[in-house]
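Asker: Got a structure for you, written out below as structure tokens; questions coming shortly.
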Amino acid sequence: MVHQHSSQPRLSPSSYEEYEADTAMLLAPRLAYFAGAARQEHVTRAAQEMGVPQSTLSRAIVRLEEDLGVALFARKGRTVSLTPAGRTFLTAVERALAEVEKAAEAVQQDADPASGKVAFGFLHTMGSETVPGLIRAFRADHPRIRFTLVQNYGEAMIERLRAGELDLCLTSPVPDAPDLVARRLDEQRLRLVVPDDHRLAGRKRIRLAEAADETFVTLEPGYGLRRITDDLCAEAGFTPRVAFEGEEAETLRGLVAAGLGVALLPPPAVARPGVVELTVTAPRAVREIGVAWLDGHPDTAPVAAFKRFLLSRRGRLLPD
């Protein structure tokens with residue numbers, strides 16, 4: 001039996017990807033020349049329209065055809081007309097060039113100093129008063145700058161920052177990572193929130209150790225406030241017994257009012273009936289609020305302006 005071996009090399013999946021990438025790199029600079037020649041149906045006029053030497057355009061088109069292994073034009077002197085393959089290719093090229101043009105316009109608009117965009121992330125607990133107040137104050141001097149706002153917990157925002165989906169995020173605790181730059185802006189006192197019929201409800205101040213036997217409602221693991229709660233309780237000498245883990249501070253406040261447990265929470269935007277909020281005297285119950293961004297990433301003009309504004313609010317970030 002005679003075995004026939006194909007002379008055509010077989011490419012692995014990774015080889016195909018490399019081949020496709022190499023082809024794209026070869027073709028990309030020549031596509032605009034091809035589209036210009038197809039539009040004018042004349043090499044000299046196309047070169048004049050595009051502001052390049054006629055020889056440059058001609059060579060680019062010849063090399064494009066050589067790379068593809070297909071004739072895109074029928075030639076008669078300087079006049080050219082598309083072949084069937086050329087018409088098929090032109091449809092895709094025009095679509096691709098239009099997408100590139102649209103993308104270029106979008107990034108230029110987003111970087112515009114007067115009307116660009118800032119992608120800004122912040123904690124859920126900053127959403128009712130702090131962030132609206134910050135944006136309102138910033139837009140007094142920058143009325144046309146646009147915001148893409150993301151409200152989430154700290155670790156999720158850091159992930160989106162690293163993925164390039166956010167320019168800046170307002171978070172707590174202030175992150176400490178080699179790929180991030182973080183600046184402390186303010187601190188916020190945390191209170192022990194108890195039901196209004198609780199045995200401690202008549203108090204104004206409390207040491208956290210006095211709540212060691214209480215059942216707590218907390219945010220889920222991964223939330224910065226949950227980590228702070230666990231650390232403060234550990235400093236007070238106990239591990240909290242957790243009855244419920246949630247995603248929103250105000251949900252926890254409602255569950256405290258319902259008698260499900262107690263909670264360490266920042267002050268509410270609006271006082272909630274059914275609970276009493278006690279000042280914690282020991283340990284010092286605060287959370288630091290800071291702004292973070294990726295180290296080494298250049299800022300657009302609107303991002304740089306908003307970053308300067310946030311840093312100027314050190315010590316007065318939070319509403320009184």
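Naming works like this for the structure tokens: A, B, ... for the chains as they're shown, residue 1 at the start of each chain, ligands 1 onward in shown order.
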Region 49-296 of chain A: which residues are strand (DSSP E or B) by DSSP, as a VMD selection string?
Answerer: chain A and resid 73 to 76 79 to 82 117 to 122 146 to 151 168 to 171 180 to 189 191 to 195 205 to 207 215 to 219 241 to 246 262 to 265 275 to 282 286 to 294
Asker: Taking the chain letters and numbering used in this document, name the residues of region 69-301 of chain A that DSSP puts in helix (DSSP H, G or I), as an NGL selection string.
Answerer: :A and (84-111 or 124-126 or 130-139 or 154-162 or 208-211 or 224-235 or 249-257 or 301)
Asker: Convert the current residue selection to file output with C-alpha atoms, as a CSV table (one decimal), in the first residue's frame.
Answerer:
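Listed below is the output, out01.csv:
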```
chain,number,residue,atom,x,y,z
A,84,PRO,CA,-15.5,40.4,-8.6
A,85,ALA,CA,-13.1,39.5,-5.8
A,86,GLY,CA,-12.3,43.2,-5.4
A,87,ARG,CA,-16.0,44.1,-5.0
A,88,THR,CA,-16.4,41.4,-2.4
A,89,PHE,CA,-13.3,42.7,-0.6
A,90,LEU,CA,-14.3,46.3,-0.8
A,91,THR,CA,-17.5,45.7,1.1
A,92,ALA,CA,-15.7,44.3,4.1
A,93,VAL,CA,-12.9,46.9,3.9
A,94,GLU,CA,-15.3,49.8,3.9
A,95,ARG,CA,-17.1,48.4,6.8
A,96,ALA,CA,-13.8,47.9,8.7
A,97,LEU,CA,-12.6,51.4,7.9
A,98,ALA,CA,-15.9,52.8,9.0
A,99,GLU,CA,-15.6,51.0,12.4
A,100,VAL,CA,-12.1,52.2,12.8
A,101,GLU,CA,-13.2,55.8,12.1
A,102,LYS,CA,-16.1,55.5,14.5
A,103,ALA,CA,-13.8,54.1,17.2
A,104,ALA,CA,-11.3,56.9,16.7
A,105,GLU,CA,-14.0,59.5,17.0
A,106,ALA,CA,-15.3,57.8,20.2
A,107,VAL,CA,-11.9,57.8,22.0
A,108,GLN,CA,-11.2,61.4,20.9
A,109,GLN,CA,-14.6,62.5,22.2
A,110,ASP,CA,-14.0,60.6,25.5
A,111,ALA,CA,-10.6,62.4,25.9
A,124,HIS,CA,-22.9,51.4,47.6
A,125,THR,CA,-22.8,53.4,50.8
A,126,MET,CA,-21.4,56.4,48.9
A,130,THR,CA,-21.5,61.5,48.8
A,131,VAL,CA,-21.0,60.8,45.1
A,132,PRO,CA,-24.0,62.9,43.9
A,133,GLY,CA,-22.6,65.8,45.9
A,134,LEU,CA,-19.1,65.3,44.5
A,135,ILE,CA,-20.3,65.2,40.9
A,136,ARG,CA,-22.5,68.2,41.4
A,137,ALA,CA,-19.6,70.2,42.8
A,138,PHE,CA,-17.2,69.1,40.1
A,139,ARG,CA,-19.6,69.9,37.2
A,154,GLY,CA,-14.5,47.3,46.8
A,155,GLU,CA,-12.9,44.1,45.4
A,156,ALA,CA,-15.3,44.1,42.4
A,157,MET,CA,-14.3,47.7,41.6
A,158,ILE,CA,-10.6,46.9,41.8
A,159,GLU,CA,-11.1,44.1,39.3
A,160,ARG,CA,-12.9,46.4,36.9
A,161,LEU,CA,-10.1,49.0,37.4
A,162,ARG,CA,-7.5,46.4,36.5
A,208,LEU,CA,-17.5,47.0,71.1
A,209,ALA,CA,-16.6,44.2,73.6
A,210,GLU,CA,-20.0,44.7,75.3
A,211,ALA,CA,-21.6,43.4,72.1
A,224,GLY,CA,-14.6,46.1,52.6
A,225,LEU,CA,-17.0,46.9,55.4
A,226,ARG,CA,-17.3,43.2,56.3
A,227,ARG,CA,-13.5,43.0,56.6
A,228,ILE,CA,-13.5,46.0,58.8
A,229,THR,CA,-16.3,44.6,61.0
A,230,ASP,CA,-14.4,41.3,61.4
A,231,ASP,CA,-11.2,43.1,62.2
A,232,LEU,CA,-12.8,45.4,64.8
A,233,CYS,CA,-14.5,42.5,66.5
A,234,ALA,CA,-11.2,40.6,66.6
A,235,GLU,CA,-9.6,43.6,68.1
A,249,ALA,CA,-26.0,48.6,54.3
A,250,GLU,CA,-29.5,49.9,54.4
A,251,THR,CA,-30.9,46.4,54.1
A,252,LEU,CA,-28.9,45.5,57.2
A,253,ARG,CA,-30.2,48.6,59.0
A,254,GLY,CA,-33.8,47.4,58.2
A,255,LEU,CA,-33.0,43.9,59.5
A,256,VAL,CA,-31.6,45.4,62.7
A,257,ALA,CA,-34.9,47.3,63.1
A,301,ALA,CA,-7.8,65.4,30.4
```
Asker: Using only C-alpha atoms for the distances, tell me which of A:Tyr153, A:Trp293, A:Phe147, A:Phe73 is nearest to Ala177 (chain A).
Answerer: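 The answer is A:Trp293, which sits nearest to Ala177 (chain A).
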Asker: Enumerate, in order of chain and increasing residue number, the residues of region 145-263 of chain A with an atom no farther than 9 Å from region 277-284 of chain A, each with its shortest atom pair and distance in Å to one decimal, counting only C-alpha atoms, as a tab-separated table.
Answerer:
```
residue	atom	partner	partner_atom	distance
A:Arg189	CA	A:Thr279	CA	8.4
A:Leu190	CA	A:Val280	CA	7.4
A:Arg191	CA	A:Thr279	CA	5.3
A:Leu192	CA	A:Leu278	CA	5.1
A:Val193	CA	A:Glu277	CA	4.5
A:Val194	CA	A:Glu277	CA	6.5
A:Pro195	CA	A:Glu277	CA	8.8
A:Leu200	CA	A:Leu278	CA	8.7
A:Ala201	CA	A:Leu278	CA	8.0
A:Arg203	CA	A:Leu278	CA	7.0
A:Lys204	CA	A:Leu278	CA	5.2
A:Arg205	CA	A:Thr279	CA	4.6
A:Ile206	CA	A:Val280	CA	5.1
A:Arg207	CA	A:Ala282	CA	4.9
A:Leu208	CA	A:Ala282	CA	6.2
A:Ala209	CA	A:Ala282	CA	8.0
A:Leu232	CA	A:Pro283	CA	6.8
A:Cys233	CA	A:Pro283	CA	8.7
A:Glu235	CA	A:Pro283	CA	6.9
A:Ala236	CA	A:Pro283	CA	6.5
```
Asker: Quick one: write out the picked residues with N, CA, C and O atoms as a compact mmCIF listing (two decimals), in the first residue's frame?
Answerer:
```
# COMPACT_ATOMS: atom_id res chain seq x y z
N ARG A 189 -16.78 57.50 60.66
CA ARG A 189 -17.03 56.75 61.90
C ARG A 189 -18.10 55.69 61.66
O ARG A 189 -19.10 55.93 60.98
N LEU A 190 -17.89 54.52 62.24
CA LEU A 190 -18.88 53.46 62.21
C LEU A 190 -19.61 53.41 63.54
O LEU A 190 -19.02 53.70 64.60
N ARG A 191 -20.87 53.05 63.50
CA ARG A 191 -21.69 52.99 64.71
C ARG A 191 -22.22 51.59 64.91
O ARG A 191 -22.43 50.85 63.94
N LEU A 192 -22.45 51.24 66.14
CA LEU A 192 -23.14 49.98 66.43
C LEU A 192 -24.62 50.28 66.39
O LEU A 192 -25.14 51.06 67.19
N VAL A 193 -25.32 49.67 65.44
CA VAL A 193 -26.75 49.90 65.26
C VAL A 193 -27.52 48.77 65.94
O VAL A 193 -27.26 47.59 65.66
N VAL A 194 -28.44 49.15 66.82
CA VAL A 194 -29.22 48.15 67.58
C VAL A 194 -30.71 48.49 67.44
O VAL A 194 -31.08 49.63 67.15
N PRO A 195 -31.60 47.49 67.64
CA PRO A 195 -33.04 47.79 67.62
C PRO A 195 -33.40 48.77 68.73
O PRO A 195 -32.75 48.82 69.79
N LEU A 200 -29.37 47.66 74.94
CA LEU A 200 -28.37 48.72 74.87
C LEU A 200 -28.91 50.02 74.28
O LEU A 200 -28.18 50.99 74.15
N ALA A 201 -30.20 50.02 73.93
CA ALA A 201 -30.75 51.16 73.19
C ALA A 201 -30.74 52.46 74.00
O ALA A 201 -30.77 53.55 73.41
N ARG A 203 -28.28 53.53 75.70
CA ARG A 203 -26.91 54.03 75.77
C ARG A 203 -26.63 54.98 74.61
O ARG A 203 -27.25 54.93 73.56
N LYS A 204 -25.62 55.84 74.80
CA LYS A 204 -25.12 56.68 73.70
C LYS A 204 -23.78 56.17 73.19
O LYS A 204 -23.46 56.32 72.00
N ARG A 205 -23.00 55.58 74.09
CA ARG A 205 -21.67 55.10 73.75
C ARG A 205 -21.52 53.67 74.25
O ARG A 205 -22.15 53.28 75.23
N ILE A 206 -20.63 52.96 73.57
CA ILE A 206 -20.43 51.56 73.95
C ILE A 206 -19.04 51.11 73.53
O ILE A 206 -18.49 51.59 72.53
N ARG A 207 -18.46 50.23 74.35
CA ARG A 207 -17.26 49.52 73.91
C ARG A 207 -17.73 48.31 73.12
O ARG A 207 -18.69 47.63 73.52
N LEU A 208 -17.08 48.03 72.02
CA LEU A 208 -17.54 46.96 71.14
C LEU A 208 -17.54 45.61 71.86
O LEU A 208 -18.38 44.74 71.56
N ALA A 209 -16.63 45.43 72.81
CA ALA A 209 -16.58 44.16 73.56
C ALA A 209 -17.90 43.87 74.28
O ALA A 209 -18.23 42.70 74.53
N LEU A 232 -12.46 44.69 63.56
CA LEU A 232 -12.78 45.43 64.79
C LEU A 232 -13.26 44.48 65.89
O LEU A 232 -12.89 44.63 67.07
N CYS A 233 -14.07 43.52 65.51
CA CYS A 233 -14.53 42.54 66.50
C CYS A 233 -13.36 41.72 67.04
O CYS A 233 -13.27 41.45 68.25
N GLU A 235 -10.30 42.75 67.26
CA GLU A 235 -9.57 43.65 68.15
C GLU A 235 -10.25 43.78 69.50
O GLU A 235 -9.60 43.97 70.53
N ALA A 236 -11.59 43.65 69.48
CA ALA A 236 -12.36 43.73 70.73
C ALA A 236 -12.37 42.39 71.46
O ALA A 236 -12.95 42.30 72.56
```
Asker: Give me the residues near Pro319 (chain A) as an NGL selection string, where near means some atom within 8 Å (using only C-alpha atoms) and where sequence neighbours in that chain fewer than 2 positions away do not count.
Answerer: :A and (129-130 or 316-317)
Asker: Go ahead and dump the residues you just picked, all heavy atoms, as a CSV table (one decimal), in the first residue's frame.
Answerer:
```
chain,number,residue,atom,x,y,z
A,129,GLU,N,-25.6,60.1,49.0
A,129,GLU,CA,-25.2,61.5,49.2
A,129,GLU,C,-23.8,61.9,48.7
A,129,GLU,O,-23.7,62.9,48.0
A,129,GLU,CB,-25.3,61.9,50.7
A,129,GLU,CG,-26.7,62.0,51.2
A,129,GLU,CD,-26.6,62.6,52.6
A,129,GLU,OE1,-26.3,61.9,53.6
A,129,GLU,OE2,-26.9,63.8,52.8
A,130,THR,N,-22.8,61.1,49.0
A,130,THR,CA,-21.5,61.5,48.8
A,130,THR,C,-21.1,61.7,47.3
A,130,THR,O,-20.7,62.8,46.9
A,130,THR,CB,-20.5,60.5,49.4
A,130,THR,OG1,-20.7,60.4,50.8
A,130,THR,CG2,-19.0,60.9,49.2
A,316,ARG,N,-12.6,66.5,53.6
A,316,ARG,CA,-13.9,67.0,53.5
A,316,ARG,C,-14.7,66.4,52.4
A,316,ARG,O,-15.5,67.0,51.7
A,316,ARG,CB,-13.9,68.6,53.3
A,316,ARG,CG,-13.0,69.0,52.2
A,316,ARG,CD,-12.8,70.5,52.2
A,316,ARG,NE,-12.0,70.9,51.1
A,316,ARG,CZ,-12.5,71.4,49.9
A,316,ARG,NH1,-13.8,71.4,49.8
A,316,ARG,NH2,-11.8,71.7,48.9
A,317,LEU,N,-14.4,65.1,52.2
A,317,LEU,CA,-15.0,64.3,51.2
A,317,LEU,C,-16.5,64.0,51.5
A,317,LEU,O,-17.4,64.1,50.7
A,317,LEU,CB,-14.3,63.0,51.0
A,317,LEU,CG,-14.9,62.1,49.9
A,317,LEU,CD1,-14.4,62.5,48.5
A,317,LEU,CD2,-14.4,60.6,50.1
```
Asker: So that I can check the surroundings of Thr148 (chain A), please list as a list in words every protein, DNA and RNA residue that reaches within 7 Å of it, counting only C-alpha atoms and ignoring chain neighbours fewer than 3 positions away.
Answerer: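 Skipping anything fewer than 3 positions along the chain leaves Val118, Ala119 and Phe120 of chain A.
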Asker: Please provide the set of residues having any atom within 8 Å of Leu123 (chain A), restricted to only C-alpha atoms, with same-chain residues fewer than 5 positions apart removed, written as an mmCIF file with C-alpha atoms, in the first residue's frame.
Answerer:
```cif
data_model
loop_
_atom_site.group_PDB
_atom_site.id
_atom_site.type_symbol
_atom_site.label_atom_id
_atom_site.label_comp_id
_atom_site.auth_asym_id
_atom_site.auth_seq_id
_atom_site.Cartn_x
_atom_site.Cartn_y
_atom_site.Cartn_z
ATOM 1 C CA GLN A 151 -21.701 51.143 42.044
ATOM 2 C CA ASN A 152 -20.215 48.016 43.598
ATOM 3 C CA TYR A 153 -18.229 46.618 46.505
ATOM 4 C CA GLY A 154 -14.507 47.298 46.782
ATOM 5 C CA LEU A 170 -13.773 55.490 45.554
ATOM 6 C CA THR A 171 -13.362 52.609 47.966
ATOM 7 C CA SER A 172 -12.690 51.366 51.483
#
```
Asker: Give me the residues near Pro175 (chain A) as a PDB file with C-alpha atoms, in the first residue's frame, where near means some atom within 9 Å (using only C-alpha atoms) and where sequence neighbours in that chain fewer than 5 positions away do not count.
Answerer:
```pdb
ATOM      1  CA  GLY A 154     -14.507  47.298  46.782  1.00  0.00           C
ATOM      2  CA  ILE A 158     -10.618  46.925  41.831  1.00  0.00           C
ATOM      3  CA  LEU A 180      -2.388  50.538  42.073  1.00  0.00           C
ATOM      4  CA  VAL A 181      -1.985  54.084  43.284  1.00  0.00           C
ATOM      5  CA  ALA A 182      -4.288  54.904  46.211  1.00  0.00           C
ATOM      6  CA  ARG A 183      -4.752  58.063  48.222  1.00  0.00           C
ATOM      7  CA  GLY A 290      -9.756  56.583  49.417  1.00  0.00           C
ATOM      8  CA  VAL A 291      -9.466  56.932  45.672  1.00  0.00           C
ATOM      9  CA  ALA A 292      -7.515  54.394  43.587  1.00  0.00           C
TER      10      ALA A 292
END
```
Asker: Mind giving me the straight-line distance from CA of Arg78 (chain A) to CA of His42 (chain A) in Å, one decimal?
Answerer: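 Computing it gives 5.6 Å between the two atoms.
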Asker: One number please: CA of Ala114 (chain A) to CA of Gly296 (chain A), in Å, one decimal.
Answerer: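 Taking CA of Ala114 (chain A) and CA of Gly296 (chain A), their separation equals 23.6 Å.
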Asker: Have a look at CA of Gly121 (chain A) and CA of Val286 (chain A) and let me know their distance in Å, one decimal.
Answerer: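 We find that CA of Gly121 (chain A) and CA of Val286 (chain A) lie 21.2 Å from each other.
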Asker: Between A:Ser81, A:Gly116, A:Val70, A:Arg30, which one has atoms that come closest to Thr56 (chain A), using only C-alpha atoms?
Answerer: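 Nearest candidate to Thr56 (chain A) out of A:Ser81, A:Gly116, A:Val70, A:Arg30: A:Arg30.
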Asker: Could you tell me which of A:Leu311, A:Ala35, A:Val303, A:Ala74 comes closest to Ile145 (chain A) if we count only C-alpha atoms?
Answerer: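 Checking each of A:Leu311, A:Ala35, A:Val303, A:Ala74 against Ile145 (chain A), counting only C-alpha atoms, the winner is A:Val303.
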